[in-house]
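K.L.:
File follows, upload20.cif with mmCIF, C-alpha atoms:
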```
data_coords
#
loop_
_atom_site.label_atom_id
_atom_site.label_comp_id
_atom_site.auth_asym_id
_atom_site.auth_seq_id
_atom_site.Cartn_x
_atom_site.Cartn_y
_atom_site.Cartn_z
CA MET A 1 0.00 0.00 0.00
CA THR A 2 1.36 3.39 -0.89
CA TYR A 3 1.82 6.30 1.50
CA ALA A 4 -1.10 8.21 -0.03
CA GLN A 5 -3.36 5.17 0.23
CA ARG A 6 -2.57 4.75 3.91
CA ALA A 7 -3.31 8.41 4.58
CA PHE A 8 -6.55 8.08 2.66
CA ILE A 9 -7.64 5.04 4.65
CA VAL A 10 -7.27 6.95 7.92
CA LEU A 11 -9.27 9.81 6.42
CA TRP A 12 -11.92 7.42 5.07
CA LYS A 13 -12.30 5.65 8.41
CA ASP A 14 -12.92 8.99 10.15
CA VAL A 15 -15.32 10.20 7.49
CA VAL A 16 -17.36 6.99 7.65
CA THR A 17 -17.41 7.03 11.46
CA GLU A 18 -18.49 10.63 11.47
CA ARG A 19 -21.13 10.07 8.78
CA ARG A 20 -22.67 7.25 10.79
CA SER A 21 -22.50 8.80 14.25
CA LYS A 22 -22.60 12.50 13.30
CA ALA A 23 -21.50 13.09 16.89
CA THR A 24 -18.90 15.79 16.29
CA LEU A 25 -20.60 17.52 13.39
CA ASN A 26 -23.95 17.87 15.12
CA ALA A 27 -22.38 19.23 18.27
CA LEU A 28 -20.24 21.66 16.27
CA LEU A 29 -23.20 22.95 14.28
CA PHE A 30 -25.22 23.67 17.40
CA PHE A 31 -22.16 25.23 18.97
CA SER A 32 -21.65 27.60 16.03
CA LEU A 33 -25.34 28.51 16.05
CA MET A 34 -24.98 29.44 19.73
CA LEU A 35 -21.93 31.51 18.84
CA LEU A 36 -24.00 33.51 16.36
CA PHE A 37 -26.54 34.21 19.08
CA LEU A 38 -23.77 35.30 21.44
CA PHE A 39 -22.27 37.65 18.85
CA GLN A 40 -25.67 39.22 18.34
CA PHE A 41 -26.31 39.59 22.09
CA THR A 42 -22.93 41.09 22.87
CA LEU A 43 -22.73 43.45 19.89
CA GLY A 44 -26.34 44.55 19.89
CA GLY A 45 -28.28 45.71 16.88
CA ASP A 46 -25.74 48.16 15.48
CA ARG A 47 -25.28 46.92 11.92
CA GLU A 48 -22.31 49.10 11.06
CA ARG A 49 -20.37 47.88 14.05
CA LEU A 50 -21.25 44.32 13.16
CA VAL A 51 -20.16 44.61 9.53
CA SER A 52 -16.80 46.12 10.49
CA ALA A 53 -16.25 43.37 13.06
CA LEU A 54 -17.50 40.62 10.77
CA PRO A 55 -14.15 39.20 9.48
CA GLY A 56 -12.87 38.90 13.05
CA LEU A 57 -16.13 37.43 14.33
CA LEU A 58 -16.22 34.94 11.49
CA TRP A 59 -12.76 33.66 12.32
CA LEU A 60 -13.48 33.73 16.03
CA GLY A 61 -16.37 31.38 15.25
CA PHE A 62 -14.13 29.15 13.11
CA VAL A 63 -11.44 29.06 15.79
CA LEU A 64 -13.80 28.29 18.66
CA SER A 65 -15.64 25.52 16.83
CA GLY A 66 -12.28 24.32 15.46
CA LEU A 67 -10.89 24.05 19.00
CA VAL A 68 -13.78 21.84 20.00
CA GLY A 69 -13.46 19.68 16.88
CA LEU A 70 -9.67 19.45 16.72
CA GLY A 71 -9.36 18.56 20.39
CA ARG A 72 -11.42 15.43 19.71
CA THR A 73 -9.17 14.18 16.88
CA PHE A 74 -7.79 11.17 18.74
CA LEU A 75 -10.51 10.78 21.33
CA LEU A 76 -12.20 7.97 19.44
CA GLU A 77 -8.97 5.98 19.35
CA ARG A 78 -8.47 6.58 23.06
CA GLU A 79 -11.98 5.67 24.14
CA ASN A 80 -12.20 2.53 22.04
CA ASP A 81 -8.66 1.35 22.80
CA CYS A 82 -7.61 1.59 19.16
CA TRP A 83 -4.42 3.42 20.02
CA ASP A 84 -2.33 0.25 19.72
CA GLY A 85 -3.90 -0.34 16.33
CA LEU A 86 -2.59 3.00 15.16
CA LEU A 87 0.83 2.22 16.62
CA LEU A 88 0.97 -1.11 14.82
CA THR A 89 0.34 0.44 11.40
CA PRO A 90 3.26 -0.55 9.20
CA GLY A 91 5.37 2.02 7.39
CA ASP A 92 5.80 5.73 7.91
CA LYS A 93 3.48 6.92 10.70
CA SER A 94 3.22 10.41 9.23
CA ALA A 95 0.65 9.02 6.79
CA ILE A 96 -1.69 8.77 9.80
CA TYR A 97 -0.96 12.40 10.57
CA LEU A 98 -1.78 13.57 7.05
CA GLY A 99 -4.96 11.48 7.02
CA LYS A 100 -6.04 13.01 10.32
CA VAL A 101 -5.18 16.52 9.09
CA ALA A 102 -7.29 15.93 5.99
CA GLY A 103 -10.17 14.69 8.13
CA ASN A 104 -9.99 17.72 10.41
CA LEU A 105 -9.70 20.02 7.41
CA LEU A 106 -12.85 18.51 5.93
CA LEU A 107 -14.75 18.75 9.20
CA MET A 108 -13.70 22.37 9.83
CA LEU A 109 -14.51 23.40 6.25
CA VAL A 110 -18.01 21.93 6.48
CA VAL A 111 -18.62 23.83 9.72
CA GLU A 112 -17.12 27.00 8.22
CA VAL A 113 -19.34 26.90 5.13
CA ILE A 114 -22.43 26.42 7.27
CA LEU A 115 -21.36 29.15 9.69
CA LEU A 116 -20.78 31.47 6.74
CA ALA A 117 -24.24 30.72 5.37
CA LEU A 118 -25.77 31.34 8.81
CA PHE A 119 -23.92 34.65 9.04
CA ALA A 120 -25.23 35.68 5.65
CA LEU A 121 -28.74 34.66 6.66
CA PHE A 122 -28.95 36.09 10.17
CA PHE A 123 -26.92 39.25 9.75
CA ASN A 124 -28.03 40.00 6.21
CA VAL A 125 -24.48 40.11 4.86
CA ASP A 126 -23.83 39.73 1.17
CA VAL A 127 -21.18 37.01 0.99
CA ALA A 128 -22.02 35.89 -2.55
CA ARG A 129 -19.63 38.27 -4.31
CA ALA A 130 -16.84 37.40 -1.87
CA LEU A 131 -17.21 33.67 -2.43
CA PRO A 132 -14.44 33.19 -5.03
CA ALA A 133 -11.91 34.95 -2.79
CA LEU A 134 -13.16 33.22 0.36
CA SER A 135 -12.92 29.82 -1.31
CA LEU A 136 -9.16 30.41 -1.38
CA VAL A 137 -8.74 32.14 1.99
CA LEU A 138 -10.78 29.72 4.12
CA PRO A 139 -8.91 26.53 3.10
CA LEU A 140 -5.53 28.27 3.41
CA GLY A 141 -6.28 29.45 6.93
CA THR A 142 -7.91 26.19 7.95
CA VAL A 143 -4.94 24.09 6.83
CA GLY A 144 -2.76 26.07 9.25
CA PHE A 145 -5.17 25.34 12.08
CA ALA A 146 -5.65 21.68 11.25
CA ALA A 147 -1.90 21.03 10.81
CA VAL A 148 -0.88 22.23 14.28
CA GLY A 149 -4.17 21.29 15.91
CA THR A 150 -3.86 17.66 14.84
CA LEU A 151 -0.28 17.52 16.08
CA PHE A 152 -1.10 19.00 19.48
CA ALA A 153 -4.25 16.88 19.78
CA VAL A 154 -2.06 13.76 19.98
CA MET A 155 -0.30 15.13 23.03
CA THR A 156 -3.30 16.51 24.81
CA ALA A 157 -5.14 13.18 24.30
CA HIS A 158 -2.70 11.74 26.86
CA VAL A 159 -2.63 14.58 29.33
CA ARG A 160 -4.93 15.35 32.21
CA ALA A 161 -6.78 18.66 31.94
CA ARG A 162 -6.56 18.39 28.17
CA GLU A 163 -9.56 20.68 27.63
CA VAL A 164 -7.55 23.53 29.13
CA LEU A 165 -4.17 22.66 27.78
CA PHE A 166 -5.13 22.22 24.13
CA PRO A 167 -6.27 25.82 23.49
CA VAL A 168 -3.48 27.22 25.65
CA LEU A 169 -0.90 25.47 23.46
CA LEU A 170 -2.61 25.97 20.11
CA LEU A 171 -3.85 29.56 20.18
CA PRO A 172 -0.53 31.44 20.59
CA VAL A 173 1.03 29.38 17.80
CA GLU A 174 -1.90 30.19 15.52
CA VAL A 175 -1.64 33.97 15.88
CA PRO A 176 0.06 34.45 12.47
CA VAL A 177 -2.56 32.28 10.72
CA LEU A 178 -5.37 34.08 12.49
CA LEU A 179 -4.07 37.57 11.66
CA ALA A 180 -3.45 36.70 8.02
CA SER A 181 -6.82 34.98 7.59
CA VAL A 182 -8.75 37.84 9.18
CA LYS A 183 -6.96 40.41 7.00
CA ALA A 184 -7.57 38.42 3.81
CA THR A 185 -11.21 37.82 4.74
CA GLU A 186 -11.62 41.53 5.45
CA ALA A 187 -10.39 42.33 1.94
CA ALA A 188 -12.57 39.63 0.40
CA LEU A 189 -15.73 40.84 2.15
CA ALA A 190 -14.95 44.45 1.21
CA GLY A 191 -14.82 43.36 -2.44
CA GLU A 192 -11.14 44.21 -2.82
CA PRO A 193 -9.03 42.04 -5.13
CA LEU A 194 -6.92 39.44 -3.35
CA SER A 195 -3.78 40.96 -4.85
CA ALA A 196 -4.23 43.77 -2.30
CA VAL A 197 -3.49 41.30 0.49
CA ALA A 198 -0.88 39.24 -1.37
CA PRO A 199 1.69 39.44 1.50
CA TRP A 200 -0.87 37.97 3.90
CA LEU A 201 -1.66 35.12 1.53
CA GLN A 202 2.03 34.40 1.09
CA LEU A 203 2.40 34.34 4.87
CA LEU A 204 -0.51 31.91 5.08
CA VAL A 205 1.04 29.60 2.50
CA ALA A 206 4.42 29.80 4.27
CA ALA A 207 2.78 29.03 7.64
CA ASP A 208 0.85 26.09 6.18
CA VAL A 209 4.01 24.62 4.65
CA VAL A 210 6.06 25.11 7.84
CA TYR A 211 3.40 23.56 10.06
CA LEU A 212 2.74 20.60 7.77
CA VAL A 213 6.44 19.81 7.37
CA ALA A 214 7.02 20.14 11.12
CA GLY A 215 4.02 17.88 11.72
CA VAL A 216 5.15 15.20 9.28
CA LEU A 217 8.66 15.19 10.74
CA THR A 218 7.72 15.11 14.43
CA PHE A 219 4.52 13.05 14.44
CA ASP A 220 6.39 9.78 14.76
CA ALA A 221 7.98 10.90 18.02
CA LEU A 222 4.55 11.63 19.50
CA LEU A 223 3.02 8.27 18.69
CA GLU A 224 5.46 5.94 20.47
CA GLY A 225 4.19 4.56 23.71
CA MET B 1 31.74 24.80 36.79
CA SER B 2 28.43 26.39 37.76
CA ARG B 3 30.11 28.11 40.71
CA ILE B 4 32.59 29.81 38.41
CA LEU B 5 29.72 30.85 36.15
CA GLY B 6 27.91 32.25 39.17
CA TRP B 7 30.83 34.40 40.22
CA LEU B 8 31.39 35.57 36.66
CA ALA B 9 27.72 36.49 36.38
CA ALA B 10 27.84 38.37 39.71
CA LEU B 11 30.95 40.24 38.60
CA GLY B 12 29.39 41.00 35.24
CA LEU B 13 26.18 42.29 36.80
CA ALA B 14 28.16 44.49 39.19
CA ALA B 15 30.15 45.87 36.27
CA GLY B 16 26.91 46.32 34.36
CA MET B 17 25.40 48.33 37.22
CA ILE B 18 28.47 50.54 37.40
CA MET B 19 28.38 51.07 33.65
CA ALA B 20 24.63 51.72 33.60
CA PHE B 21 24.51 54.15 36.51
CA GLY B 22 28.05 55.55 36.59
CA VAL B 23 29.66 55.56 33.19
CA ALA B 24 26.77 55.85 30.75
CA PRO B 25 25.65 59.47 30.25
CA ARG B 26 22.21 60.66 31.22
CA GLU B 27 20.00 60.51 28.14
CA VAL B 28 19.00 64.04 27.10
CA THR B 29 15.30 63.71 26.33
CA GLN B 30 14.24 60.75 28.47
CA GLY B 31 16.40 61.35 31.52
CA ASN B 32 17.30 58.59 33.96
CA VAL B 33 14.33 56.45 32.93
CA GLN B 34 16.30 55.49 29.83
CA ARG B 35 18.66 53.48 32.06
CA ILE B 36 15.99 50.76 32.24
CA MET B 37 17.19 49.90 28.73
CA TYR B 38 20.28 48.30 30.32
CA LEU B 39 17.97 45.69 31.83
CA HIS B 40 15.30 45.62 29.12
CA VAL B 41 17.46 45.02 26.04
CA PRO B 42 19.83 42.39 27.53
CA THR B 43 16.96 40.34 28.96
CA VAL B 44 15.09 40.22 25.66
CA LEU B 45 18.21 39.31 23.69
CA VAL B 46 19.05 36.54 26.16
CA ALA B 47 15.43 35.34 26.07
CA TYR B 48 15.73 34.85 22.31
CA LEU B 49 19.01 33.02 22.88
CA ALA B 50 17.26 30.82 25.43
CA PHE B 51 14.48 29.88 23.00
CA ALA B 52 17.05 29.16 20.29
CA VAL B 53 18.73 26.78 22.74
CA VAL B 54 15.35 25.14 23.41
CA PHE B 55 14.93 24.65 19.65
CA VAL B 56 18.35 23.08 19.14
CA ALA B 57 18.13 20.95 22.28
CA SER B 58 14.65 19.74 21.28
CA ILE B 59 15.88 18.61 17.87
CA ALA B 60 18.87 16.98 19.53
CA TYR B 61 16.58 15.12 21.92
CA LEU B 62 14.31 13.77 19.19
CA TRP B 63 17.39 12.73 17.24
CA ARG B 64 19.48 11.07 19.95
CA ARG B 65 16.98 10.59 22.79
CA ASP B 66 19.61 11.82 25.21
CA PRO B 67 17.96 12.91 28.50
CA ALA B 68 20.66 15.57 28.90
CA ALA B 69 19.33 17.40 25.82
CA ASP B 70 15.85 17.34 27.32
CA ARG B 71 17.10 18.75 30.63
CA LEU B 72 18.87 21.53 28.75
CA ALA B 73 15.68 22.38 26.81
CA HIS B 74 13.64 22.35 30.03
CA ALA B 75 16.05 24.58 31.93
CA SER B 76 16.54 26.95 29.02
CA ALA B 77 12.79 27.35 28.49
CA GLU B 78 12.27 28.21 32.16
CA VAL B 79 15.00 30.84 32.16
CA GLY B 80 13.76 32.14 28.80
CA VAL B 81 10.24 32.63 30.16
CA LEU B 82 11.68 34.36 33.24
CA PHE B 83 13.72 36.73 31.09
CA THR B 84 10.81 37.42 28.74
CA GLY B 85 8.71 38.31 31.77
CA LEU B 86 11.45 40.62 33.04
CA THR B 87 11.62 42.26 29.61
CA ILE B 88 7.88 42.92 29.57
CA ALA B 89 7.87 44.21 33.16
CA ALA B 90 10.87 46.49 32.58
CA GLY B 91 9.39 47.71 29.32
CA ALA B 92 6.11 48.56 31.01
CA ILE B 93 7.92 50.49 33.75
CA TRP B 94 9.81 52.40 31.06
CA GLY B 95 6.74 52.87 28.90
CA LYS B 96 4.61 54.54 31.60
CA PRO B 97 6.74 57.71 31.96
CA THR B 98 7.96 57.73 28.33
CA TRP B 99 4.89 56.81 26.27
CA GLY B 100 2.36 57.56 29.02
CA THR B 101 1.02 54.01 29.04
CA TRP B 102 2.03 50.70 30.61
CA TRP B 103 1.10 48.73 27.55
CA THR B 104 0.34 49.35 23.90
CA TRP B 105 -0.35 46.91 21.09
CA ASP B 106 2.80 47.85 19.26
CA ALA B 107 4.33 45.21 16.97
CA ARG B 108 7.33 44.39 19.15
CA LEU B 109 5.38 44.36 22.40
CA THR B 110 2.77 42.11 20.90
CA SER B 111 5.18 39.59 19.44
CA VAL B 112 7.15 39.33 22.70
CA ALA B 113 3.87 38.86 24.58
CA ILE B 114 2.88 36.03 22.22
CA LEU B 115 6.31 34.48 22.72
CA PHE B 116 5.81 34.66 26.49
CA VAL B 117 2.42 32.93 26.30
CA MET B 118 3.70 30.30 23.86
CA TYR B 119 6.53 29.17 26.14
CA LEU B 120 4.34 29.42 29.24
CA GLY B 121 2.18 26.83 27.49
CA TYR B 122 5.30 24.76 26.88
CA LEU B 123 6.11 24.77 30.61
CA LEU B 124 2.46 24.06 31.45
CA LEU B 125 2.52 20.98 29.21
CA ARG B 126 5.69 19.76 30.93
CA GLY B 127 4.10 20.16 34.33
CA MET B 128 1.06 18.14 33.35
CA ILE B 129 2.80 14.96 32.22
CA GLU B 130 4.10 12.67 34.95
CA ASP B 131 5.98 10.25 32.72
CA GLY B 132 9.39 11.87 32.17
CA GLU B 133 10.15 10.27 28.84
CA ARG B 134 6.78 11.23 27.39
CA ALA B 135 7.09 14.77 28.74
CA ALA B 136 10.44 15.03 27.01
CA ARG B 137 9.11 13.88 23.62
CA TYR B 138 5.99 16.04 23.72
CA SER B 139 7.72 19.19 24.85
CA ALA B 140 10.45 18.67 22.25
CA VAL B 141 7.77 18.81 19.54
CA VAL B 142 6.22 21.93 21.05
CA GLY B 143 9.69 23.49 21.41
CA ILE B 144 10.35 22.93 17.71
CA VAL B 145 6.96 24.17 16.50
CA ALA B 146 7.14 27.25 18.76
CA ALA B 147 10.60 28.19 17.51
CA LEU B 148 9.54 27.78 13.87
CA ASP B 149 6.58 30.00 14.66
CA ILE B 150 8.69 32.91 15.96
CA PRO B 151 9.52 34.37 12.50
CA LEU B 152 5.90 33.95 11.38
CA VAL B 153 4.66 35.73 14.50
CA HIS B 154 7.14 38.54 13.91
CA PHE B 155 6.16 39.15 10.30
CA SER B 156 2.44 38.89 10.88
CA VAL B 157 2.40 41.14 13.93
CA TYR B 158 4.69 43.67 12.25
CA TRP B 159 2.45 43.92 9.18
CA TRP B 160 -0.66 43.92 11.31
CA ARG B 161 0.53 47.03 13.17
CA THR B 162 2.34 48.90 10.44
CA LEU B 163 -0.46 48.52 7.92
CA HIS B 164 -2.64 50.20 10.52
CA GLN B 165 -0.57 53.10 11.83
CA PRO B 166 2.91 54.38 11.22
CA PRO B 167 5.30 53.55 14.06
CA SER B 168 6.57 57.16 14.21
CA MET B 169 5.42 57.91 17.77
CA LEU B 170 6.38 54.53 19.15
CA LYS B 171 10.02 54.41 18.16
CA PRO B 172 11.67 53.21 21.36
CA GLY B 173 15.16 54.18 22.39
CA PRO B 174 17.51 56.84 21.09
CA ALA B 175 17.99 56.93 17.34
CA SER B 176 21.76 56.69 17.47
CA MET B 177 23.70 55.59 20.50
CA PRO B 178 26.58 57.53 21.99
CA GLU B 179 29.58 55.40 22.85
CA GLY B 180 29.03 55.42 26.61
CA ILE B 181 25.52 54.09 26.25
CA LEU B 182 26.53 51.43 23.76
CA ALA B 183 29.41 50.22 25.97
CA ALA B 184 27.14 50.01 29.03
CA LEU B 185 24.60 48.08 26.99
CA LEU B 186 27.17 45.58 25.73
CA VAL B 187 28.55 44.96 29.23
CA ASN B 188 25.03 44.29 30.47
CA VAL B 189 24.27 41.96 27.58
CA ALA B 190 27.36 39.92 28.46
CA ALA B 191 26.42 39.97 32.16
CA PHE B 192 22.91 38.72 31.52
CA ALA B 193 24.18 36.06 29.14
CA LEU B 194 26.42 34.82 31.97
CA LEU B 195 23.48 34.95 34.39
CA TYR B 196 21.46 32.87 31.91
CA ALA B 197 24.26 30.31 31.62
CA TYR B 198 24.50 30.14 35.44
CA PHE B 199 20.75 29.65 35.90
CA VAL B 200 20.62 26.98 33.21
CA ALA B 201 23.64 25.13 34.61
CA LYS B 202 22.11 25.14 38.10
CA ARG B 203 18.68 24.11 36.86
CA VAL B 204 20.11 21.26 34.81
CA ILE B 205 21.84 19.92 37.94
CA VAL B 206 18.60 20.14 39.93
CA LEU B 207 16.65 18.41 37.14
CA ARG B 208 19.20 15.60 36.97
CA ARG B 209 19.02 15.04 40.74
CA GLU B 210 15.22 15.03 40.57
CA GLU B 211 15.37 12.32 37.94
CA GLU B 212 17.85 10.32 40.02
CA VAL B 213 15.61 10.50 43.05
CA LEU B 214 12.53 9.47 41.10
CA ALA B 215 14.30 6.69 39.22
#
```
Show the structure stored in the file as structure tokens.
P.N.:
Amino acid sequence: MTYAQRAFIVLWKDVVTERRSKATLNALLFFSLMLLFLFQFTLGGDRERLVSALPGLLWLGFVLSGLVGLGRTFLLERENDCWDGLLLTPGDKSAIYLGKVAGNLLLMLVVEVILLALFALFFNVDVARALPALSLVLPLGTVGFAAVGTLFAVMTAHVRAREVLFPVLLLPVEVPVLLASVKATEAALAGEPLSAVAPWLQLLVAADVVYLVAGVLTFDALLEG
Amino acid sequence: MSRILGWLAALGLAAGMIMAFGVAPREVTQGNVQRIMYLHVPTVLVAYLAFAVVFVASIAYLWRRDPAADRLAHASAEVGVLFTGLTIAAGAIWGKPTWGTWWTWDARLTSVAILFVMYLGYLLLRGMIEDGERAARYSAVVGIVAALDIPLVHFSVYWWRTLHQPPSMLKPGPASMPEGILAALLVNVAAFALLYAYFVAKRVIVLRREEEVLA
């Protein structure tokens, strides 16, 4: 079996499990709906204030629901004692990492698209014209989150107080991704061309590459024992 | 070895004090407050050195699995966090009379604050894992990712601020340094580097004894 096939099998297993149980996705969708309510309650009815804060709020929603989802990456393996199964996988273990990253990416993107649609619906924001730009910005930013989030989720799966530790470790590292994504989303929603925020997109690509490479190289060391 | 380092650090710090308060001239516009720079700049430079050591020691640990590399990373991260904290505290004390505010979301302040939080998380992770070998592996990964993140944090935070407002009013420090000031600064940088080496050497010894007791 090739490396890509092994990564795909891990992804496929998670997708099938999730499709049958819908445990994470359902919880995340309700969670993001609650977030929308909270944003509305805390910001009040001022539309101008809301529109100017929208890119930040959008990513705050992605990050918060992402934290919940990413933190659960290896929970299934822990709860069902499948950890040894993962350890016994032959060949390069980083294929597991890439499969898990792809699964998290997929999960986060689904939540993000729905959250975006809910934003457009509830806050009467016109996201349609920004869609081409957003379809580039959202995956780029989400890869950065999923790459480090998946890596750190392995560690926090084995640590007590993981609910606290996971965000504390992940959020500071994600500051560059968050800043770049918010800036690019701001430009996209304002209808500016993406070339106006080219440095931010380059930073996003650089961050994604750095995180993924670091993840592939260090994942093996996390899995042992 | 660590005793010699300790005496050297003490001597260096004494020399640094003399240079900072005796030899270096009083800065014209800022007055004596400027002398905080002799603490502020050395601590931040040494903090960066400390995190670089964490990075190298973490890679070395994952490569060779030598517990000594892990102890070095652990000790260096602790001293680095201490020095980053000192930098932020000294900067705030300097900022209040000079800028009129303890804190501002300037690019450099923000990136050092993120650094501080990142390595606090690193130490938190260490504290939460009982198994020494696992703690070493996990924190080595975090030490590597955090160090790789430092340049990204710097660029992003710098653009984030400078695209917003020009840094004209928040240019810290004198534009060009007279010789007395520069010499005092260099002596203090050397002194704090020695202090860092002393702390790390001592901490490594303590960590090794802890491991021996627990083993």
K.L.:
What residues in chain B lie within 7 Å of chain A, counting all atoms listed in the file, written as a PyMOL selection string?
P.N.:
chain B and resi 114+117-118+121+128-129+137-138+141+145-146+149+152-153+156
K.L.:
As a check of understanding, name the residues that the PyMOL selection byres ((chain A and resi 93) around 12) selects in the supplied structure, as a PyMOL selection string.
P.N.:
chain A and resi 3-4+6-7+10+85-92+94-100+215-224
K.L.:
Nearest to Val187 of chain B among B:Ala90, B:Ile150, B:Ala9, B:Ala15, with distances taken over only C-alpha atoms: which residue is it?
P.N.:
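Counting only C-alpha atoms, the residue closest to Val187 of chain B is B:Ala15.
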K.L.:
Leaving out segment 51-57 of chain B and any residue of its chain fewer than 5 positions from it, which residues lie within 10 Å of it when counting only C-alpha atoms, given as a PyMOL selection string?
P.N.:
chain B and resi 46+62-63+66+68-81+115+119+139-148+150
K.L.:
One decimal, in Å: what's the spacing between atom CA of Cys82 of chain A and atom CA of Leu11 of chain A?
P.N.:
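Taking atom CA of Cys82 of chain A as the start and atom CA of Leu11 of chain A as the end point, the length is 15.3 Å.
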K.L.:
Separation of atom CA of Thr43 of chain B and atom CA of Phe192 of chain B, in Å?
P.N.:
6.7 Å
K.L.:
Measure the distance from atom CA of Leu189 of chain A to atom CA of Phe62 of chain A in Å and round it to one decimal.
P.N.:
16.1 Å
K.L.:
In terms of the shortest atom-to-atom distance over all atoms listed in the file, which of A:Leu43, A:Ala53, A:Val68, A:Leu58 is closest to Ala27 of chain A?
P.N.:
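Residue with the minimum atom-to-atom distance to Ala27 of chain A: A:Val68.
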K.L.:
Write out as a ChimeraX atom specification the residues lying within 6 Å of segment 198-207 of chain B, counting only C-alpha atoms and excluding same-chain residues fewer than 2 positions away.
P.N.:
/B:2,5-6,71,75-76,195-196,209-210
K.L.:
Spell out the residues picked by the PyMOL selection byres ((chain A and resi 51) around 12) here, as a compact mmCIF listing (two decimals) with C-alpha atoms, keeping the file's coordinate frame.
P.N.:
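Contents of part.txt, as written:
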```txt
# COMPACT_ATOMS: atom_id res chain seq x y z
CA PHE A 39 -22.27 37.65 18.85
CA GLN A 40 -25.67 39.22 18.34
CA LEU A 43 -22.73 43.45 19.89
CA GLY A 45 -28.28 45.71 16.88
CA ASP A 46 -25.74 48.16 15.48
CA ARG A 47 -25.28 46.92 11.92
CA GLU A 48 -22.31 49.10 11.06
CA ARG A 49 -20.37 47.88 14.05
CA LEU A 50 -21.25 44.32 13.16
CA SER A 52 -16.80 46.12 10.49
CA ALA A 53 -16.25 43.37 13.06
CA LEU A 54 -17.50 40.62 10.77
CA PRO A 55 -14.15 39.20 9.48
CA GLY A 56 -12.87 38.90 13.05
CA LEU A 57 -16.13 37.43 14.33
CA LEU A 58 -16.22 34.94 11.49
CA PHE A 119 -23.92 34.65 9.04
CA ALA A 120 -25.23 35.68 5.65
CA PHE A 123 -26.92 39.25 9.75
CA ASN A 124 -28.03 40.00 6.21
CA VAL A 125 -24.48 40.11 4.86
CA ASP A 126 -23.83 39.73 1.17
CA VAL A 127 -21.18 37.01 0.99
CA GLU A 186 -11.62 41.53 5.45
CA LEU A 189 -15.73 40.84 2.15
CA ALA A 190 -14.95 44.45 1.21
```
